[in-house]
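**Q** File coords_36.txt follows (compact mmCIF, C-alpha atoms):
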# COMPACT_ATOMS: atom_id res chain seq x y z
CA MET P 21 10.30 -3.86 26.55
CA ALA P 22 13.58 -4.58 28.31
CA ALA P 23 14.23 -7.46 25.92
CA ALA P 24 13.42 -5.16 23.03
CA LEU P 25 15.92 -2.54 24.13
CA GLN P 26 18.60 -5.16 24.74
CA THR P 27 18.13 -6.60 21.25
CA ALA P 28 18.13 -3.11 19.75
CA ALA P 29 21.29 -2.15 21.61
CA LEU P 30 23.04 -5.32 20.47
CA LEU P 31 22.13 -4.55 16.85
CA SER P 32 23.26 -0.94 17.18
CA ALA P 33 26.59 -1.92 18.71
CA SER P 34 27.49 -4.68 16.25
CA PRO P 35 31.06 -4.13 14.95
CA ASN P 36 30.07 -5.48 11.54
CA LEU P 37 27.69 -2.64 10.81
CA ILE P 38 28.66 -0.14 8.18
CA ASP P 39 29.17 3.49 9.12
CA PRO P 40 25.81 5.17 8.31
CA GLN P 41 27.63 8.44 7.49
CA ARG P 42 28.77 6.85 4.24
CA PHE P 43 25.18 6.61 3.11
CA ARG P 44 24.01 10.14 3.88
CA VAL P 45 22.35 12.04 1.06
CA GLY P 46 21.83 15.73 0.51
CA LEU P 47 18.20 15.80 1.60
CA SER P 48 16.64 13.76 4.38
CA ALA P 49 13.86 11.33 3.54
CA ARG P 50 11.55 13.31 5.76
CA SER P 51 12.14 16.55 3.86
CA LEU P 52 11.66 14.76 0.54
CA ILE P 53 8.43 13.11 1.55
CA GLY P 54 7.08 16.23 3.15
CA ARG P 55 7.26 18.34 -0.01
CA ARG P 56 5.07 17.63 -3.01
CA GLY P 57 6.97 17.13 -6.22
CA SER P 58 10.38 16.84 -4.56
CA ILE P 59 10.64 13.07 -5.07
CA PHE P 60 12.62 12.30 -8.23
CA VAL P 61 10.90 9.34 -9.87
CA VAL P 62 12.43 7.58 -12.86
CA ARG P 63 9.89 5.81 -15.05
CA SER P 64 10.56 2.75 -17.14
CA ASP P 65 10.30 4.81 -20.32
CA GLY P 66 12.82 7.38 -19.12
CA ARG P 67 10.34 10.07 -18.05
CA THR P 68 10.42 11.77 -14.66
CA SER P 69 7.07 12.61 -13.14
CA GLY P 70 4.85 12.26 -10.11
CA PHE P 71 2.27 9.96 -11.62
CA PHE P 72 2.16 6.63 -13.39
CA ASN P 73 -0.47 6.83 -16.13
CA ALA P 74 -2.11 3.76 -17.59
CA LYS P 75 -3.83 3.97 -20.96
CA SER P 76 -7.45 2.97 -21.32
CA ARG P 77 -8.26 -0.41 -22.74
CA SER P 78 -11.37 -1.70 -24.36
CA GLY P 79 -12.87 -5.15 -24.20
CA ASN P 80 -15.71 -7.21 -22.81
CA LEU P 81 -16.65 -7.13 -19.16
CA ILE P 82 -15.25 -9.89 -17.00
CA THR P 83 -17.83 -10.23 -14.26
CA ASN P 84 -15.61 -12.05 -11.79
CA ALA P 85 -12.43 -10.06 -12.23
CA VAL P 86 -9.23 -11.08 -10.51
CA ALA P 87 -6.02 -9.28 -11.31
CA THR P 88 -3.92 -11.04 -13.93
CA LYS P 89 -0.31 -10.51 -14.87
CA ALA P 90 -1.34 -8.68 -18.02
CA ASP P 91 -3.33 -6.16 -15.95
CA ALA P 92 -0.40 -5.20 -13.75
CA SER P 93 0.81 -2.41 -16.01
CA THR P 94 -0.41 -1.40 -19.43
CA SER P 95 2.68 0.67 -20.09
CA SER P 96 5.25 -2.03 -19.34
CA THR P 97 6.50 -3.89 -22.39
CA ALA P 98 9.46 -6.07 -23.13
CA SER P 99 10.94 -3.39 -25.38
CA LYS P 100 11.29 -0.85 -22.56
CA PRO P 101 14.32 -0.61 -20.28
CA GLY P 102 14.23 -2.08 -16.82
CA HIS P 103 13.59 -5.55 -15.46
CA GLU P 104 10.49 -7.60 -14.80
CA LEU P 105 9.55 -8.56 -11.26
CA LEU P 106 6.57 -10.07 -9.52
CA LEU P 107 5.07 -7.83 -6.87
CA PHE P 108 6.49 -9.83 -3.96
CA GLU P 109 9.91 -9.74 -5.64
CA ALA P 110 9.64 -5.95 -5.99
CA LEU P 111 8.93 -5.68 -2.27
CA ARG P 112 12.00 -7.80 -1.58
CA GLU P 113 14.17 -5.75 -3.92
CA GLY P 114 13.11 -2.51 -2.24
CA LEU P 115 13.75 -3.99 1.20
CA GLU P 116 17.14 -5.38 0.15
CA GLU P 117 18.24 -2.06 -1.35
CA GLU P 118 17.38 -0.28 1.88
CA MET P 119 19.19 -2.88 3.98
CA ASP P 120 22.27 -2.38 1.79
CA ARG P 121 21.94 1.39 2.05
CA ASP P 122 21.30 1.65 5.80
CA PRO P 123 22.72 -0.85 8.33
CA HIS P 124 20.06 0.18 10.83
CA VAL P 125 17.31 -1.49 8.77
CA CYS P 126 16.34 -4.89 10.14
CA VAL P 127 13.48 -7.37 9.66
CA MET P 128 11.55 -9.35 12.24
CA GLY P 129 8.54 -11.63 12.21
CA GLU P 130 7.38 -15.23 12.02
CA ASP P 131 9.32 -17.33 9.49
CA VAL P 132 10.96 -14.28 7.89
CA GLY P 133 14.42 -15.84 8.21
CA HIS P 134 15.62 -18.92 6.36
CA TYR P 135 12.08 -19.89 5.34
CA GLY P 136 11.80 -16.54 3.55
CA GLY P 137 8.42 -15.38 4.82
CA SER P 138 4.97 -16.82 4.21
CA TYR P 139 4.91 -15.24 0.71
CA LYS P 140 8.70 -15.24 0.17
CA VAL P 141 9.12 -11.48 0.47
CA THR P 142 12.20 -11.98 2.67
CA LYS P 143 13.62 -15.00 0.85
CA GLY P 144 17.43 -15.03 0.88
CA LEU P 145 17.81 -12.06 3.22
CA ALA P 146 18.80 -14.12 6.28
CA THR P 147 21.61 -15.78 4.32
CA LYS P 148 22.89 -12.40 3.12
CA TYR P 149 22.52 -10.31 6.28
CA GLY P 150 22.56 -12.88 9.06
CA ASP P 151 20.12 -13.89 11.75
CA LEU P 152 20.67 -10.69 13.74
CA ARG P 153 19.25 -8.39 11.05
CA VAL P 154 16.63 -10.89 9.82
CA LEU P 155 15.17 -12.14 13.06
CA ASP P 156 12.80 -15.09 13.28
CA THR P 157 10.35 -14.63 16.14
CA PRO P 158 8.00 -16.87 18.11
CA ILE P 159 4.30 -16.90 17.25
CA ALA P 160 3.61 -13.89 19.45
CA GLU P 161 2.54 -10.82 17.49
CA ASN P 162 2.20 -8.61 20.56
CA SER P 163 5.73 -9.46 21.67
CA PHE P 164 7.67 -9.00 18.43
CA THR P 165 5.67 -5.90 17.44
CA GLY P 166 6.52 -4.37 20.81
CA MET P 167 10.14 -5.43 20.32
CA GLY P 168 10.17 -3.69 16.93
CA ILE P 169 8.80 -0.49 18.46
CA GLY P 170 11.47 -0.63 21.17
CA ALA P 171 14.14 -1.14 18.52
CA ALA P 172 12.84 1.89 16.59
CA MET P 173 13.03 4.00 19.76
CA THR P 174 16.77 3.27 20.02
CA GLY P 175 17.59 4.28 16.44
CA LEU P 176 16.99 1.17 14.34
CA ARG P 177 14.56 0.99 11.42
CA PRO P 178 12.72 -2.32 11.86
CA VAL P 179 10.40 -3.82 9.27
CA VAL P 180 7.87 -5.99 11.10
CA GLU P 181 6.03 -8.60 9.05
CA GLY P 182 2.66 -9.93 10.08
CA MET P 183 2.24 -13.38 8.53
CA ASN P 184 -1.35 -12.29 7.93
CA MET P 185 -2.69 -8.83 8.67
CA GLY P 186 -5.50 -10.34 10.71
CA PHE P 187 -2.95 -11.64 13.20
CA LEU P 188 -1.83 -8.08 13.95
CA LEU P 189 -5.04 -7.58 15.89
CA LEU P 190 -3.13 -9.37 18.64
CA ALA P 191 -0.66 -6.47 18.59
CA PHE P 192 -3.27 -3.71 18.49
CA ASN P 193 -2.30 -2.37 21.91
CA GLN P 194 1.35 -2.00 20.88
CA ILE P 195 0.44 -0.42 17.53
CA SER P 196 -2.08 1.99 19.03
CA ASN P 197 -0.71 3.01 22.42
CA ASN P 198 3.00 2.73 21.64
CA CYS P 199 3.69 2.89 17.92
CA GLY P 200 1.29 5.67 17.07
CA MET P 201 1.53 7.79 20.20
CA LEU P 202 5.03 7.53 21.70
CA HIS P 203 6.45 10.40 19.66
CA TYR P 204 3.74 12.64 21.12
CA THR P 205 3.60 11.25 24.65
CA SER P 206 7.39 11.45 24.99
CA GLY P 207 7.35 15.13 24.05
CA GLY P 208 9.27 14.39 20.86
CA GLN P 209 12.09 12.55 22.63
CA PHE P 210 11.49 9.38 20.61
CA LYS P 211 10.90 8.80 16.93
CA ILE P 212 9.33 5.53 15.80
CA PRO P 213 10.63 4.85 12.25
CA ILE P 214 9.02 1.42 11.93
CA VAL P 215 7.30 -0.30 9.00
CA ILE P 216 4.52 -2.80 9.73
CA ARG P 217 3.60 -4.82 6.65
CA GLY P 218 1.99 -8.04 5.55
CA PRO P 219 -0.68 -9.72 3.40
CA GLY P 220 -4.36 -9.09 3.87
CA GLY P 221 -7.62 -8.78 2.00
CA VAL P 222 -10.07 -11.33 0.65
CA GLY P 223 -8.14 -14.15 -1.02
CA ARG P 224 -9.51 -17.37 -2.43
CA GLN P 225 -11.41 -19.21 0.29
CA LEU P 226 -9.09 -18.31 3.15
CA GLY P 227 -11.92 -18.03 5.65
CA ALA P 228 -13.10 -15.12 7.76
CA GLU P 229 -10.07 -14.85 10.06
CA HIS P 230 -7.61 -14.79 7.15
CA SER P 231 -9.61 -12.34 5.01
CA GLN P 232 -9.39 -9.29 7.25
CA ARG P 233 -9.11 -5.72 5.98
CA LEU P 234 -7.52 -3.81 8.83
CA GLU P 235 -7.43 -0.39 7.17
CA SER P 236 -10.56 0.64 9.05
CA TYR P 237 -9.08 -0.58 12.35
CA PHE P 238 -5.87 1.45 12.05
CA GLN P 239 -7.12 4.65 10.41
CA SER P 240 -8.25 6.20 13.68
CA ILE P 241 -4.86 5.76 15.42
CA PRO P 242 -3.09 9.14 15.68
CA GLY P 243 0.48 9.17 14.40
CA LEU P 244 0.22 6.29 11.90
CA GLN P 245 0.61 6.61 8.15
CA MET P 246 -1.06 3.98 5.95
CA VAL P 247 -0.32 3.08 2.33
CA ALA P 248 -1.53 0.26 0.08
CA CYS P 249 0.45 -1.07 -2.87
CA SER P 250 -1.18 -2.41 -6.02
CA THR P 251 1.60 -2.85 -8.60
CA ALA P 252 5.19 -4.05 -8.54
CA TYR P 253 6.30 -0.49 -9.33
CA ASN P 254 4.55 1.20 -6.44
CA ALA P 255 5.21 -1.73 -4.09
CA LYS P 256 8.95 -1.18 -4.33
CA GLY P 257 8.72 2.61 -4.26
CA LEU P 258 6.40 2.67 -1.25
CA MET P 259 8.48 0.10 0.62
CA LYS P 260 11.61 2.25 0.25
CA ALA P 261 9.75 5.43 1.22
CA ALA P 262 8.18 3.76 4.26
CA ILE P 263 11.56 2.55 5.53
CA ARG P 264 13.08 6.02 5.14
CA SER P 265 10.16 7.77 6.85
CA GLU P 266 10.59 9.03 10.40
CA ASN P 267 6.97 8.10 11.10
CA PRO P 268 5.47 4.64 11.73
CA VAL P 269 4.03 3.36 8.46
CA VAL P 270 1.61 0.48 7.88
CA LEU P 271 2.05 -1.01 4.39
CA PHE P 272 -0.94 -3.05 3.22
CA GLU P 273 -0.29 -5.78 0.66
CA HIS P 274 -3.07 -7.83 -0.93
CA VAL P 275 -2.73 -11.58 -0.88
CA LEU P 276 -3.99 -11.93 -4.48
CA LEU P 277 -1.58 -9.39 -5.98
CA TYR P 278 1.77 -10.94 -5.06
CA ASN P 279 2.16 -12.68 -8.43
CA LEU P 280 1.44 -9.65 -10.62
CA LYS P 281 4.36 -8.99 -12.95
CA GLU P 282 5.56 -5.58 -14.12
CA ARG P 283 8.65 -4.06 -15.68
CA ILE P 284 10.21 -1.57 -13.28
CA PRO P 285 13.21 0.78 -13.73
CA ASP P 286 16.76 -0.38 -13.13
CA GLU P 287 17.50 3.00 -11.56
CA GLU P 288 16.66 3.65 -7.93
CA TYR P 289 13.37 5.44 -7.28
CA VAL P 290 11.38 6.35 -4.19
CA LEU P 291 7.68 7.27 -4.19
CA CYS P 292 5.94 9.81 -2.00
CA LEU P 293 3.95 8.23 0.81
CA GLU P 294 1.24 10.89 0.58
CA GLU P 295 0.60 10.94 -3.16
CA ALA P 296 -2.14 9.24 -5.15
CA GLU P 297 -1.58 7.70 -8.59
CA MET P 298 -3.46 8.77 -11.70
CA VAL P 299 -4.19 5.43 -13.35
CA ARG P 300 -6.43 6.67 -16.17
CA PRO P 301 -7.39 10.28 -16.97
CA GLY P 302 -11.02 10.90 -17.90
CA GLU P 303 -13.80 13.48 -18.00
CA HIS P 304 -17.13 11.99 -16.89
CA VAL P 305 -16.65 10.54 -13.40
CA THR P 306 -13.86 10.13 -10.83
CA ILE P 307 -13.38 6.56 -9.58
CA LEU P 308 -11.28 6.37 -6.41
CA THR P 309 -9.94 2.97 -5.43
CA TYR P 310 -6.90 1.14 -4.08
CA SER P 311 -5.24 -2.28 -3.81
CA ARG P 312 -7.03 -5.21 -5.50
CA MET P 313 -10.12 -3.15 -6.38
CA ARG P 314 -7.96 -1.20 -8.83
CA TYR P 315 -8.14 -4.20 -11.14
CA HIS P 316 -11.87 -4.70 -10.71
CA VAL P 317 -12.28 -1.04 -11.65
CA MET P 318 -10.08 -1.40 -14.73
CA GLN P 319 -12.10 -4.41 -15.85
CA ALA P 320 -15.26 -2.33 -15.51
CA VAL P 321 -13.62 0.53 -17.44
CA LYS P 322 -13.39 -1.69 -20.52
CA THR P 323 -17.16 -1.98 -20.60
CA LEU P 324 -17.73 1.68 -19.70
CA VAL P 325 -15.51 2.90 -22.54
CA ASN P 326 -17.43 0.71 -25.00
CA LYS P 327 -20.62 2.32 -23.73
CA GLY P 328 -19.28 5.82 -24.32
CA TYR P 329 -18.22 6.78 -20.80
CA ASP P 330 -14.85 8.34 -20.00
CA PRO P 331 -14.05 7.56 -16.35
CA GLU P 332 -11.03 8.91 -14.52
CA VAL P 333 -9.41 6.29 -12.28
CA ILE P 334 -7.23 7.23 -9.30
CA ASP P 335 -5.43 4.74 -7.08
CA ILE P 336 -5.41 6.70 -3.82
CA ARG P 337 -2.46 4.60 -2.45
CA SER P 338 -2.15 6.81 0.65
CA LEU P 339 -4.95 5.69 2.96
CA LYS P 340 -3.87 8.12 5.66
CA PRO P 341 -3.53 10.96 4.97
CA PHE P 342 -5.52 11.26 1.73
CA ASP P 343 -4.00 13.09 -1.22
CA LEU P 344 -6.74 15.72 -1.41
CA TYR P 345 -4.75 17.74 -3.93
CA THR P 346 -4.97 15.05 -6.63
CA ILE P 347 -8.45 13.97 -5.60
CA GLY P 348 -9.72 17.55 -5.49
CA ASN P 349 -8.42 18.42 -8.96
CA SER P 350 -10.21 15.39 -10.35
CA VAL P 351 -13.48 16.24 -8.59
CA LYS P 352 -13.33 19.78 -9.93
CA LYS P 353 -13.04 18.34 -13.44
CA THR P 354 -15.59 15.50 -13.40
CA HIS P 355 -18.01 16.67 -10.66
CA ARG P 356 -18.98 13.06 -9.91
CA VAL P 357 -17.30 10.58 -7.57
CA LEU P 358 -17.48 6.82 -7.15
CA ILE P 359 -15.43 5.14 -4.40
CA VAL P 360 -14.66 1.44 -4.78
CA GLU P 361 -13.07 -0.43 -1.87
CA GLU P 362 -12.72 -3.92 -0.45
CA CYS P 363 -12.99 -2.57 3.09
CA MET P 364 -16.26 -2.89 5.00
CA ARG P 365 -18.93 -0.28 4.36
CA THR P 366 -19.40 0.66 8.02
CA GLY P 367 -16.47 2.73 9.25
CA GLY P 368 -14.32 1.89 6.23
CA ILE P 369 -11.83 3.93 4.24
CA GLY P 370 -14.62 4.88 1.83
CA SER P 371 -16.64 6.51 4.61
CA SER P 372 -13.70 8.66 5.67
CA LEU P 373 -12.85 9.53 2.08
CA ARG P 374 -16.43 10.51 1.30
CA ALA P 375 -16.51 12.77 4.37
CA ALA P 376 -13.24 14.43 3.33
CA ILE P 377 -14.54 15.12 -0.20
CA ILE P 378 -17.82 16.54 1.10
CA ASP P 379 -16.00 18.78 3.58
CA ASN P 380 -13.57 20.15 1.00
CA PHE P 381 -15.22 19.94 -2.43
CA TRP P 382 -18.96 20.06 -1.82
CA ASP P 383 -19.54 22.97 -4.22
CA TYR P 384 -17.99 21.03 -7.11
CA LEU P 385 -20.27 17.98 -6.86
CA ASP P 386 -23.14 17.57 -9.32
CA ALA P 387 -24.33 14.26 -7.85
CA PRO P 388 -24.17 12.43 -4.52
CA ILE P 389 -20.96 10.51 -3.88
CA MET P 390 -21.45 6.76 -4.33
CA CYS P 391 -19.41 4.20 -2.41
CA LEU P 392 -19.20 0.49 -3.23
CA SER P 393 -17.81 -1.54 -0.32
CA SER P 394 -17.72 -5.08 0.97
CA GLN P 395 -20.75 -6.28 2.87
CA ASP P 396 -20.73 -6.04 6.65
CA VAL P 397 -20.49 -9.79 7.16
CA PRO P 398 -17.66 -12.20 7.97
CA THR P 399 -16.10 -13.39 4.72
CA PRO P 400 -17.59 -16.81 3.92
CA TYR P 401 -15.37 -19.79 3.12
CA ALA P 402 -17.54 -20.94 0.19
CA GLY P 403 -16.16 -19.44 -3.03
CA THR P 404 -19.51 -18.39 -4.51
CA LEU P 405 -20.57 -16.69 -1.28
CA GLU P 406 -17.14 -15.07 -0.95
CA GLU P 407 -17.62 -13.40 -4.35
CA TRP P 408 -20.95 -11.97 -3.24
CA THR P 409 -19.37 -10.16 -0.29
CA VAL P 410 -16.93 -8.05 -2.34
CA VAL P 411 -17.53 -5.53 -5.14
CA GLN P 412 -17.57 -6.97 -8.67
CA PRO P 413 -17.05 -5.11 -12.00
CA ALA P 414 -20.72 -5.35 -13.00
CA GLN P 415 -21.65 -3.34 -9.90
CA ILE P 416 -19.09 -0.68 -10.82
CA VAL P 417 -20.54 -0.36 -14.34
CA ALA P 418 -24.07 0.00 -12.95
CA ALA P 419 -22.95 2.63 -10.42
CA VAL P 420 -21.21 4.76 -13.07
CA GLU P 421 -24.27 4.60 -15.33
CA GLN P 422 -26.44 5.75 -12.45
CA LEU P 423 -24.07 8.60 -11.55
CA CYS P 424 -23.89 9.87 -15.11
CA GLN P 425 -27.62 9.89 -15.81
I'd like the structure from this file rewritten - as structure tokens, please.
**A**
Amino acid sequence: MAAALQTAALLSASPNLIDPQRFRVGLSARSLIGRRGSIFVVRSDGRTSGFFNAKSRSGNLITNAVATKADASTSSTASKPGHELLLFEALREGLEEEMDRDPHVCVMGEDVGHYGGSYKVTKGLATKYGDLRVLDTPIAENSFTGMGIGAAMTGLRPVVEGMNMGFLLLAFNQISNNCGMLHYTSGGQFKIPIVIRGPGGVGRQLGAEHSQRLESYFQSIPGLQMVACSTAYNAKGLMKAAIRSENPVVLFEHVLLYNLKERIPDEEYVLCLEEAEMVRPGEHVTILTYSRMRYHVMQAVKTLVNKGYDPEVIDIRSLKPFDLYTIGNSVKKTHRVLIVEECMRTGGIGSSLRAAIIDNFWDYLDAPIMCLSSQDVPTPYAGTLEEWTVVQPAQIVAAVEQLCQ
């Protein structure tokens, strides 16, 4: 911790840093994020709203759905204003904008410097900002995560990258006992404005250790916020919001979504960390999902629409806390709920979400809540077995048909 504070103090005292007073805005990020509807979001078509609606699409079922570039956004076209970015480029653009805006923002992790990160999210940042603000670390997750927490305690806003989310299990003590709890255990003397981010999820034959879904591990830690991005648009908006938050935020990125392309606005925008996204409005059933499973759901929706069903799809985005306002309004309309997740069934996000819906909206349900999750087994290396462990579109179609009987 001493090394952490020394590094943080050196960063804070650097004479090359820009005066942060020049970048102050009328409302603090905390006050913006804390109030529903107060975030001003500029859409690529010029609208301002709190949701990003995708139109329904029809077509044949793809049984082994993997997100493609065309699926990233149904509303983004070449004729609309803005610029096209891959999801990992959108993360980088959001990070770079915040580093320009606030000299206290810094990055640390394995190979984040001149190599540019394992998935190139930080490519070019070390050249632009120097090795002091983009800090390459040894292969020691517990050490550099603890260093990031110490830096946050002294007033910096570190963004800590885990080369793979599974590796952050080595830093679980720092994330749990320090990151999540220090604001409380210090009696409010310290704030921990840190972002912990990195790739995770089931990829293509990455093996059990590299296919971890840590949402279920971190959801029980008091003081942490958790969000999951699924498009280039929300990746950038959530990155910027997470950096500006006064709370520690874990940003989950899926390893298979980095190359999704989408047209995003040229104007600056920041999303709310606690707000879900209405992907497709519908009447018959509410499908709640996030991250990669959003695209499996949308593949299933093609078949469901052809069969006469009208599902409503919500990307919950905020894994902790849940946006029960958006979710509740949908439940009151459809009266049926299907949860689709890549997390494990036992103790996963779906279990917590189902409990929250039952506690708050029991009287509006006309059928039991169904939850499709990954199997409680280590992810196999063999590709065919790997597919069997995660939810596929055909299972989603069958579940909706059963719910709507």
**Q** If we draw a sphere of 12 Å around (-12.9, 16.5, -8.7), which residues have at least one atom in it when counting only C-alpha atoms? Please report them as a PyMOL selection string.
**A** chain P and resi 301-308+331-334+344-358+377-378+380-387+389
**Q** Can you measure CA of Ile212 (chain P) to CA of Arg264 (chain P) for me? One decimal in Å is fine.
**A**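 Interatomic distance here is 11.3 Å.
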**Q** Find the residue from P:Arg233, P:Arg217, P:Lys322, P:Lys260 that sits nearest to Glu118 (chain P); use only C-alpha atoms when measuring.
**A** P:Lys260
**Q** Which residue out of P:Asp286, P:Arg177, P:Val141, P:Ser250 has the minimum interatomic distance to Lys100 (chain P) when only C-alpha atoms are used?
**A** P:Asp286
**Q** Please enclose the listed atoms of region 125-131 of chain P in an axis-aligned box, pad each side by 3 Å, and write out the centre and the three edge lengths in Å, rounded to one decimal, as JSON.
**A**
{"center_x": 12.3, "center_y": -9.4, "center_z": 10.5, "size_x": 15.9, "size_y": 21.8, "size_z": 9.5}
**Q** Which one of P:Tyr253, P:Gly220, P:Gly208, P:Gly368 sits closest to Glu287 (chain P) if you count only C-alpha atoms?
**A**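 Residue with the minimum atom-to-atom distance to Glu287 (chain P): P:Tyr253.
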**Q** Point out the residue among P:Asn193, P:Thr309, P:Gln232, P:Ser338 with the least atom-to-atom distance to Ala248 (chain P), counting all atoms listed in the file.
**A** P:Ser338
